[in-house]
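Colleague: Okay, so here is work.txt, and as you'll see once you scroll down, it has compact mmCIF, C-alpha atoms.
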```
# COMPACT_ATOMS: atom_id res chain seq x y z
CA MET A 1 -92.69 -187.85 103.45
CA PRO A 2 -88.98 -188.53 102.98
CA ARG A 3 -86.73 -188.36 106.05
CA ALA A 4 -84.60 -185.20 106.09
CA THR A 5 -81.20 -185.97 107.65
CA ASN A 6 -79.17 -183.02 106.37
CA ALA A 7 -76.44 -185.33 105.15
CA PRO A 8 -74.08 -182.64 103.73
CA ALA A 9 -73.79 -180.90 107.11
CA THR A 10 -73.26 -184.17 108.98
CA LYS A 11 -70.61 -185.23 106.54
CA ALA A 12 -68.81 -181.90 106.80
CA ARG A 13 -68.89 -182.00 110.60
CA ARG A 14 -67.51 -185.52 110.75
CA LYS A 15 -64.84 -184.65 108.23
CA ARG A 16 -63.78 -181.71 110.38
CA THR A 17 -63.41 -183.96 113.42
CA LEU A 18 -61.45 -186.58 111.51
CA LYS A 19 -59.14 -183.87 110.22
CA LYS A 20 -58.35 -182.85 113.79
CA ALA A 21 -57.64 -186.51 114.64
CA LYS A 22 -54.90 -186.91 112.03
CA GLY A 23 -51.92 -188.86 113.28
CA TYR A 24 -53.77 -190.45 116.19
CA TYR A 25 -53.19 -194.11 116.99
CA GLY A 26 -55.33 -196.80 115.33
CA ASN A 27 -59.11 -196.35 115.19
CA LYS A 28 -58.87 -192.89 116.69
CA SER A 29 -57.61 -191.40 113.43
CA ARG A 30 -59.89 -193.48 111.15
CA LEU A 31 -63.38 -193.90 112.66
CA TYR A 32 -65.53 -190.92 113.56
CA ARG A 33 -66.98 -192.84 116.50
CA TYR A 34 -63.60 -193.01 118.24
CA ALA A 35 -62.08 -189.88 116.78
CA LYS A 36 -64.79 -187.67 118.30
CA ASP A 37 -63.97 -188.79 121.82
CA ALA A 38 -60.22 -188.48 121.27
CA VAL A 39 -60.51 -184.96 119.83
CA GLN A 40 -62.68 -183.80 122.72
CA HIS A 41 -60.20 -185.18 125.22
CA ALA A 42 -57.28 -183.65 123.33
CA GLY A 43 -58.88 -180.23 123.59
CA ARG A 44 -59.44 -180.58 127.31
CA TYR A 45 -55.93 -181.80 127.97
CA ALA A 46 -54.47 -179.00 125.86
CA TYR A 47 -56.47 -176.37 127.77
CA ARG A 48 -55.53 -177.83 131.15
CA ASP A 49 -51.89 -178.30 130.26
CA ARG A 50 -51.45 -174.75 128.98
CA LYS A 51 -51.97 -173.78 132.62
CA LYS A 52 -49.90 -176.63 134.01
CA LYS A 53 -47.05 -175.64 131.72
CA LYS A 54 -46.37 -172.52 133.79
CA GLY A 55 -45.91 -174.54 136.96
CA GLU A 56 -43.88 -177.25 135.27
CA PHE A 57 -41.39 -174.76 133.88
CA ARG A 58 -41.10 -173.10 137.27
CA GLN A 59 -40.26 -176.52 138.74
CA LEU A 60 -37.55 -177.00 136.13
CA TRP A 61 -36.01 -173.58 136.82
CA ILE A 62 -35.92 -174.34 140.53
CA VAL A 63 -34.14 -177.66 139.95
CA ARG A 64 -31.61 -175.90 137.73
CA ILE A 65 -30.97 -173.05 140.15
CA ASN A 66 -30.51 -175.58 142.92
CA ALA A 67 -28.00 -177.53 140.81
CA ALA A 68 -26.09 -174.33 140.05
CA CYS A 69 -25.99 -172.82 143.55
CA ARG A 70 -25.19 -175.89 145.66
CA PRO A 71 -21.56 -176.08 144.46
CA LEU A 72 -21.30 -172.41 145.52
CA GLY A 73 -22.20 -173.42 149.06
CA ILE A 74 -25.83 -172.34 149.38
CA SER A 75 -29.09 -174.19 148.94
CA TYR A 76 -31.95 -172.98 146.75
CA SER A 77 -34.20 -171.92 149.60
CA ARG A 78 -31.42 -170.00 151.37
CA LEU A 79 -30.47 -168.34 148.08
CA MET A 80 -34.02 -167.16 147.45
CA ASN A 81 -34.24 -165.79 150.98
CA GLY A 82 -30.92 -164.03 150.46
CA LEU A 83 -32.08 -162.49 147.17
CA LEU A 84 -35.17 -161.17 148.90
CA ALA A 85 -33.02 -159.64 151.61
CA ALA A 86 -30.67 -158.13 149.03
CA GLY A 87 -33.58 -156.64 147.07
CA ILE A 88 -32.67 -158.51 143.86
CA GLU A 89 -35.78 -159.04 141.80
CA LEU A 90 -34.51 -161.44 139.14
CA ASP A 91 -37.08 -164.20 138.59
CA ARG A 92 -36.35 -167.92 138.52
CA LYS A 93 -36.24 -168.09 134.75
CA GLN A 94 -33.65 -165.32 134.53
CA LEU A 95 -31.56 -166.90 137.28
CA SER A 96 -31.58 -170.35 135.69
CA GLU A 97 -30.64 -168.96 132.28
CA MET A 98 -27.80 -167.00 133.87
CA ALA A 99 -26.56 -170.14 135.57
CA ILE A 100 -26.27 -171.82 132.16
CA HIS A 101 -24.92 -169.01 130.00
CA ASP A 102 -23.11 -166.69 132.40
CA GLU A 103 -21.71 -168.55 135.38
CA ALA A 104 -19.65 -165.59 136.60
CA ALA A 105 -22.67 -163.30 136.83
CA PHE A 106 -24.65 -166.01 138.61
CA ALA A 107 -21.82 -166.47 141.11
CA ALA A 108 -21.74 -162.71 141.73
CA ILE A 109 -25.45 -162.70 142.48
CA VAL A 110 -25.04 -165.65 144.83
CA GLU A 111 -22.32 -163.72 146.65
CA LYS A 112 -24.66 -160.74 147.06
CA ALA A 113 -27.37 -162.99 148.44
CA LYS A 114 -24.90 -164.55 150.86
CA SER A 115 -23.72 -161.21 152.23
CA ALA A 116 -27.32 -160.02 152.57
CA LEU A 117 -28.10 -163.18 154.53
CA ALA A 118 -25.09 -162.65 156.77
CA GLU A 119 -26.24 -159.11 157.55
CA LYS A 120 -29.78 -160.21 158.24
CA THR A 121 -28.83 -162.87 160.79
CA PRO A 122 -26.14 -161.56 163.17
CA ALA A 123 -23.82 -164.40 164.12
CA MET B 1 -36.22 -165.53 125.87
CA LYS B 2 -37.07 -169.19 125.84
CA THR B 3 -35.84 -171.60 128.47
CA THR B 4 -32.69 -173.28 127.19
CA LEU B 5 -33.08 -177.02 126.65
CA ALA B 6 -30.11 -179.35 126.47
CA LYS B 7 -29.10 -181.01 123.21
CA PRO B 8 -28.76 -184.80 123.28
CA ASP B 9 -25.06 -184.84 122.41
CA LEU B 10 -23.31 -183.28 125.35
CA GLU B 11 -19.99 -183.90 126.99
CA ARG B 12 -20.18 -186.36 129.84
CA LYS B 13 -17.89 -186.54 132.83
CA TRP B 14 -16.95 -189.65 134.79
CA TYR B 15 -17.25 -189.89 138.53
CA VAL B 16 -15.93 -192.58 140.82
CA VAL B 17 -17.20 -193.28 144.32
CA ASP B 18 -16.03 -195.66 147.03
CA ALA B 19 -18.99 -197.49 148.58
CA THR B 20 -17.07 -198.74 151.62
CA GLY B 21 -19.17 -198.31 154.75
CA GLN B 22 -21.73 -196.05 153.06
CA ASN B 23 -25.45 -196.42 153.64
CA LEU B 24 -27.11 -197.96 150.59
CA GLY B 25 -30.01 -195.54 150.15
CA ARG B 26 -28.05 -192.39 150.97
CA LEU B 27 -25.41 -193.27 148.40
CA SER B 28 -27.93 -194.41 145.78
CA VAL B 29 -29.74 -191.06 145.74
CA LYS B 30 -26.53 -189.25 144.97
CA ILE B 31 -25.63 -191.71 142.23
CA ALA B 32 -29.12 -191.54 140.72
CA ASN B 33 -29.04 -187.73 140.68
CA ILE B 34 -25.72 -187.71 138.81
CA LEU B 35 -26.99 -190.30 136.32
CA ARG B 36 -30.05 -188.11 135.70
CA GLY B 37 -28.01 -184.92 135.40
CA ARG B 38 -29.75 -183.16 138.27
CA HIS B 39 -26.44 -181.70 139.40
CA LYS B 40 -26.12 -179.57 136.27
CA PRO B 41 -27.78 -176.21 135.53
CA ILE B 42 -28.66 -177.53 132.05
CA TYR B 43 -30.75 -180.42 133.44
CA THR B 44 -33.56 -181.23 130.98
CA PRO B 45 -36.18 -183.82 131.94
CA HIS B 46 -36.70 -185.35 128.50
CA ILE B 47 -33.01 -185.67 127.66
CA ASP B 48 -30.38 -187.78 129.36
CA THR B 49 -28.03 -185.09 130.67
CA GLY B 50 -26.34 -187.29 133.24
CA ASP B 51 -22.73 -188.30 133.74
CA PHE B 52 -21.08 -191.68 134.19
CA VAL B 53 -20.64 -193.11 137.68
CA VAL B 54 -18.17 -195.81 138.64
CA VAL B 55 -18.78 -197.47 142.01
CA ILE B 56 -15.95 -199.41 143.61
CA ASN B 57 -15.99 -201.65 146.69
CA ALA B 58 -19.67 -202.32 146.06
CA ASP B 59 -19.50 -205.43 148.28
CA LYS B 60 -18.68 -203.22 151.29
CA ILE B 61 -21.92 -201.19 151.12
CA LYS B 62 -23.68 -200.87 154.46
CA LEU B 63 -27.31 -201.60 155.28
CA THR B 64 -28.65 -200.53 158.65
CA GLY B 65 -30.66 -202.63 161.10
CA LYS B 66 -31.44 -206.26 160.34
CA LYS B 67 -31.76 -205.80 156.59
CA GLU B 68 -28.72 -207.98 155.93
CA GLU B 69 -30.86 -211.05 156.74
CA GLN B 70 -34.40 -209.69 156.48
CA LYS B 71 -34.39 -207.68 153.25
CA LEU B 72 -35.29 -210.06 150.42
CA TYR B 73 -35.00 -209.61 146.66
CA MET B 74 -37.72 -211.47 144.79
CA PHE B 75 -37.24 -213.16 141.43
CA HIS B 76 -39.66 -215.05 139.22
CA THR B 77 -38.65 -217.36 136.40
CA GLY B 78 -42.03 -217.07 134.68
CA TRP B 79 -42.98 -220.67 135.49
CA PHE B 80 -45.71 -221.53 138.01
CA GLY B 81 -44.45 -221.74 141.57
CA ASN B 82 -40.99 -220.68 140.56
CA GLU B 83 -40.49 -217.54 142.51
CA TYR B 84 -37.45 -217.41 144.72
CA TYR B 85 -35.91 -215.01 147.16
CA ARG B 86 -32.37 -213.94 147.94
CA SER B 87 -31.38 -212.10 151.09
CA VAL B 88 -28.93 -209.21 151.00
CA ALA B 89 -26.32 -211.45 152.60
CA ALA B 90 -26.71 -214.04 149.83
CA MET B 91 -26.58 -211.35 147.14
CA ARG B 92 -23.47 -209.87 148.67
CA GLN B 93 -21.84 -213.29 148.29
CA LYS B 94 -23.07 -214.08 144.83
CA LYS B 95 -23.47 -210.78 142.98
CA PRO B 96 -22.47 -207.77 145.08
CA ALA B 97 -23.02 -205.24 142.28
CA PHE B 98 -26.72 -206.12 142.15
CA ILE B 99 -27.48 -204.49 145.50
CA ILE B 100 -26.46 -201.03 144.32
CA GLU B 101 -27.76 -201.47 140.77
CA HIS B 102 -31.18 -202.52 142.05
CA SER B 103 -31.34 -199.64 144.51
CA VAL B 104 -30.31 -196.98 141.98
CA LYS B 105 -32.63 -198.34 139.30
CA GLY B 106 -35.57 -197.93 141.64
CA MET B 107 -34.74 -194.24 141.98
CA LEU B 108 -34.71 -193.50 138.24
CA PRO B 109 -37.81 -192.64 136.20
CA ARG B 110 -39.74 -195.60 134.76
CA ASN B 111 -39.03 -195.01 131.07
CA LYS B 112 -36.63 -195.49 128.20
CA LEU B 113 -34.35 -192.77 129.50
CA ALA B 114 -33.81 -194.78 132.65
CA ARG B 115 -32.34 -197.61 130.63
CA ALA B 116 -29.88 -195.23 129.00
CA MET B 117 -29.04 -193.87 132.44
CA MET B 118 -28.43 -197.34 133.88
CA LYS B 119 -25.90 -197.99 131.13
CA LYS B 120 -23.82 -195.14 132.53
CA LEU B 121 -23.58 -196.83 135.92
CA LYS B 122 -20.62 -199.18 136.40
CA VAL B 123 -20.50 -201.10 139.65
CA TYR B 124 -17.48 -203.17 140.74
CA ALA B 125 -17.06 -205.35 143.81
CA GLY B 126 -13.36 -204.77 144.26
CA ALA B 127 -11.27 -201.64 144.67
CA GLU B 128 -10.25 -201.64 141.01
CA HIS B 129 -12.09 -200.61 137.87
CA PRO B 130 -11.18 -200.61 134.17
CA HIS B 131 -12.15 -196.98 133.53
CA GLU B 132 -8.90 -195.24 134.47
CA ALA B 133 -8.61 -194.00 130.87
CA GLN B 134 -11.71 -191.82 131.39
CA GLN B 135 -10.00 -190.14 134.37
CA PRO B 136 -13.00 -190.28 136.69
CA ILE B 137 -13.31 -187.57 139.34
CA SER B 138 -13.93 -188.95 142.82
CA PHE B 139 -16.85 -187.57 144.76
CA GLU B 140 -17.74 -187.91 148.41
CA GLY B 141 -20.82 -190.04 148.81
```
With the file now loaded, output its structure as structure tokens.
Modeller:
Amino acid sequence: MPRATNAPATKARRKRTLKKAKGYYGNKSRLYRYAKDAVQHAGRYAYRDRKKKKGEFRQLWIVRINAACRPLGISYSRLMNGLLAAGIELDRKQLSEMAIHDEAAFAAIVEKAKSALAEKTPA
Amino acid sequence: MKTTLAKPDLERKWYVVDATGQNLGRLSVKIANILRGRHKPIYTPHIDTGDFVVVINADKIKLTGKKEEQKLYMFHTGWFGNEYYRSVAAMRQKKPAFIIEHSVKGMLPRNKLARAMMKKLKVYAGAEHPHEAQQPISFEG
């Protein structure tokens, strides 16, 4: 009896994998043997990094807010504490975008945070 | 709204700092942060957003403790047995700018951007520098 290998399905499956590996370096875009591994890894990294992306952007916003508020005489952590005390619920993304596009508004918010801090801790 | 990312062609300022009597590491952090652009709200990790830094009096940088004699910089020519060491004191004599350049370089990311950032750092041993035309702003180290 002839061996049934279901060649059309195998070929289609391998072609699908190689299509996903387009643009990869060297063997990984040309040979199924290496492309399979690379595609599997790519999927895992993509899934993991979609979650990491949230934290990475938050890190960036914090660096930016810190850069913007230090010349105004307050550190990032003090500013955040002041905003909490003042009841301002702008998130870090909004604050960092304000620092870039609307310096005056950012400075006004920093002033509010400062006065809230001063009230909270009697000198 | 998406997070704003900096465009590669941005205006760059010039800063000048006097290294006289300053601690090496403390000063280097501040220089490295300006070269990276971490002092700007538009800081973007994958783009060089930093400014230029001119350091004057680099030969008068201070190192605490016994590092003057004990801290060694290692070099290797690539030939067998041809590694050699220079103390801070020897470097200060021979090539005073190296001390600060080496220290700042170690604080930058290990990538191509770092090389672009290093090009914005100008270190001079004396009190004079040829960048007056750029009107550098002095900053306290």
Colleague: Can you tell me which residues surround Trp61 of chain A at a distance of at most 12 Å, considering all atoms listed in the file, apart from same-chain residues fewer than 2 positions away, and format the answer as a ChimeraX atom specification?
Modeller: /A:54-59,63-68,76,91-100 /B:2-5,38,40-45
Colleague: Of the residues B:Arg36, B:Lys60, B:Arg86, B:Lys120, which is the one nearest to chain A, using only C-alpha atoms?
Modeller: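 Checking each candidate against chain A, we get B:Arg36 as the closest.
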Colleague: Between atom CA of Leu108 of chain B and atom CA of Tyr15 of chain B, what distance in Å does the model show, to one decimal?
Modeller: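 Atom CA of Tyr15 of chain B lies 17.8 Å from atom CA of Leu108 of chain B.
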Colleague: My list of candidates is B:Val17, B:Leu63, B:Ala90, B:Val54. Which is closest to Val123 of chain B when distances are computed with only C-alpha atoms?
Modeller: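 The answer is B:Val54, which sits nearest to Val123 of chain B.
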Colleague: Tell me which of A:Gly26, A:Pro71, A:Gly87, A:Gly82 sits closest to chain B, counting all atoms listed in the file.
Modeller: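 Closest to chain B of all the choices is A:Pro71.
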Colleague: Considering only C-alpha atoms, return as a PyMOL selection string whatever protein or nucleic-acid residues lie within 10 Å of Ala116 of chain B, sequence-local ones (same chain, fewer than 3 positions apart) excluded.
Modeller: chain B and resi 35-36+48+50+111-113+119-121
Colleague: Can you work out the spacing between atom CA of Gly73 of chain A and atom CA of Lys114 of chain A in Å, to one decimal?
Modeller: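 If I compute the distance from atom CA of Gly73 of chain A to atom CA of Lys114 of chain A, I get 9.4 Å.
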Colleague: Nearest to chain A: which of B:Ile34, B:Leu72, B:Ala19, B:Ile99 is it, counting only C-alpha atoms?
Modeller: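 With only C-alpha atoms as the atom set, the closest residue is B:Ile34.
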Colleague: Grab the atom CA of Ser87 of chain B to atom CA of Lys30 of chain B distance for me, in Å with one decimal place.
Modeller: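 According to the coordinates, atom CA of Ser87 of chain B and atom CA of Lys30 of chain B are separated by 24.1 Å.
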Colleague: Find, counting all atoms listed in the file, the residue in B:Arg26, B:His76, B:His46, B:Lys13 that gets nearest to chain A.
Modeller: B:His46
Colleague: Taking (-29.4, -153.0, 150.5) in the file's coordinates, which residues come within 9 Å, counting all atoms listed in the file, written as a ChimeraX atom specification?
Modeller: /A:85-87,116
Colleague: Write out as a list in words each polymer residue whose atoms come within 12 Å of segment 7-18 of chain A, counting all atoms listed in the file; drop sequence neighbours fewer than 3 positions from it.
Modeller: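 The neighbour list is Arg3, Ala4, Ala21, Lys22, Gly23, Tyr24, Asn27, Lys28, Ser29, Arg30, Leu31, Tyr32, Arg33, Tyr34, Ala35, Lys36, Asp37, Ala38, Val39, Gln40, Ala42 and Gly43 of chain A.
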Colleague: Which protein, DNA or RNA residues have an atom at most 12 Å from (-30.3, -199.0, 146.5), counting only C-alpha atoms? List them as an MDAnalysis selection string.
Modeller: chainID B and resid 19 22:32 58 61:63 71 73 88 96:108
Colleague: Rank nothing, just name the residue among A:His41, A:His101, A:Arg48, A:Lys112 nearest to Ile74 of chain A, using only C-alpha atoms.
Modeller: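 Going through A:His41, A:His101, A:Arg48, A:Lys112 one by one, the smallest distance to Ile74 of chain A is for A:Lys112.
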Colleague: Could you pull segment 15-79 of chain B out of the structure just shown and give C-alpha atoms as a CSV table (one decimal), in the first residue's frame?
Modeller:
```csv
chain,number,residue,atom,x,y,z
B,15,TYR,CA,25.9,74.1,27.7
B,16,VAL,CA,29.2,74.8,29.3
B,17,VAL,CA,30.4,73.5,32.7
B,18,ASP,CA,33.5,74.2,34.8
B,19,ALA,CA,34.9,71.0,36.1
B,20,THR,CA,37.2,72.7,38.7
B,21,GLY,CA,37.0,70.8,42.0
B,22,GLN,CA,33.9,68.8,41.0
B,23,ASN,CA,33.6,65.1,41.8
B,24,LEU,CA,34.0,63.0,38.7
B,25,GLY,CA,31.0,60.8,39.0
B,26,ARG,CA,28.6,63.4,40.2
B,27,LEU,CA,29.4,65.7,37.3
B,28,SER,CA,29.4,62.9,34.8
B,29,VAL,CA,25.8,61.9,35.5
B,30,LYS,CA,24.6,65.4,34.9
B,31,ILE,CA,26.6,65.6,31.7
B,32,ALA,CA,25.3,62.2,30.5
B,33,ASN,CA,21.7,63.2,31.2
B,34,ILE,CA,22.0,66.3,29.1
B,35,LEU,CA,23.7,64.4,26.3
B,36,ARG,CA,20.8,61.9,26.4
B,37,GLY,CA,18.1,64.6,26.5
B,38,ARG,CA,16.7,63.4,29.9
B,39,HIS,CA,16.3,67.0,31.0
B,40,LYS,CA,13.6,67.7,28.3
B,41,PRO,CA,9.9,66.9,28.4
B,42,ILE,CA,10.2,65.6,24.8
B,43,TYR,CA,12.8,62.9,25.8
B,44,THR,CA,12.5,60.0,23.4
B,45,PRO,CA,14.6,56.8,24.1
B,46,HIS,CA,15.2,55.9,20.4
B,47,ILE,CA,16.1,59.4,19.2
B,48,ASP,CA,19.0,61.5,20.3
B,49,THR,CA,17.3,64.4,21.9
B,50,GLY,CA,20.3,65.7,23.8
B,51,ASP,CA,22.1,69.0,23.8
B,52,PHE,CA,25.8,69.8,23.4
B,53,VAL,CA,28.0,70.0,26.5
B,54,VAL,CA,31.3,71.8,26.7
B,55,VAL,CA,33.5,71.0,29.7
B,56,ILE,CA,36.3,73.3,30.7
B,57,ASN,CA,39.1,72.9,33.2
B,58,ALA,CA,38.8,69.1,32.8
B,59,ASP,CA,42.3,68.6,34.3
B,60,LYS,CA,41.0,70.0,37.6
B,61,ILE,CA,38.3,67.4,38.1
B,62,LYS,CA,38.4,65.8,41.6
B,63,LEU,CA,38.5,62.2,42.5
B,64,THR,CA,37.9,61.2,46.1
B,65,GLY,CA,40.0,58.9,48.3
B,66,LYS,CA,43.1,57.2,46.8
B,67,LYS,CA,41.8,56.9,43.3
B,68,GLU,CA,44.4,59.3,42.0
B,69,GLU,CA,47.0,56.6,42.3
B,70,GLN,CA,44.9,53.4,42.6
B,71,LYS,CA,42.3,53.8,39.9
B,72,LEU,CA,43.7,52.3,36.7
B,73,TYR,CA,42.5,52.6,33.1
B,74,MET,CA,43.3,49.4,31.1
B,75,PHE,CA,44.3,49.4,27.5
B,76,HIS,CA,45.1,46.5,25.1
B,77,THR,CA,46.9,46.9,21.8
B,78,GLY,CA,45.5,43.6,20.5
B,79,TRP,CA,48.9,41.9,20.6
```
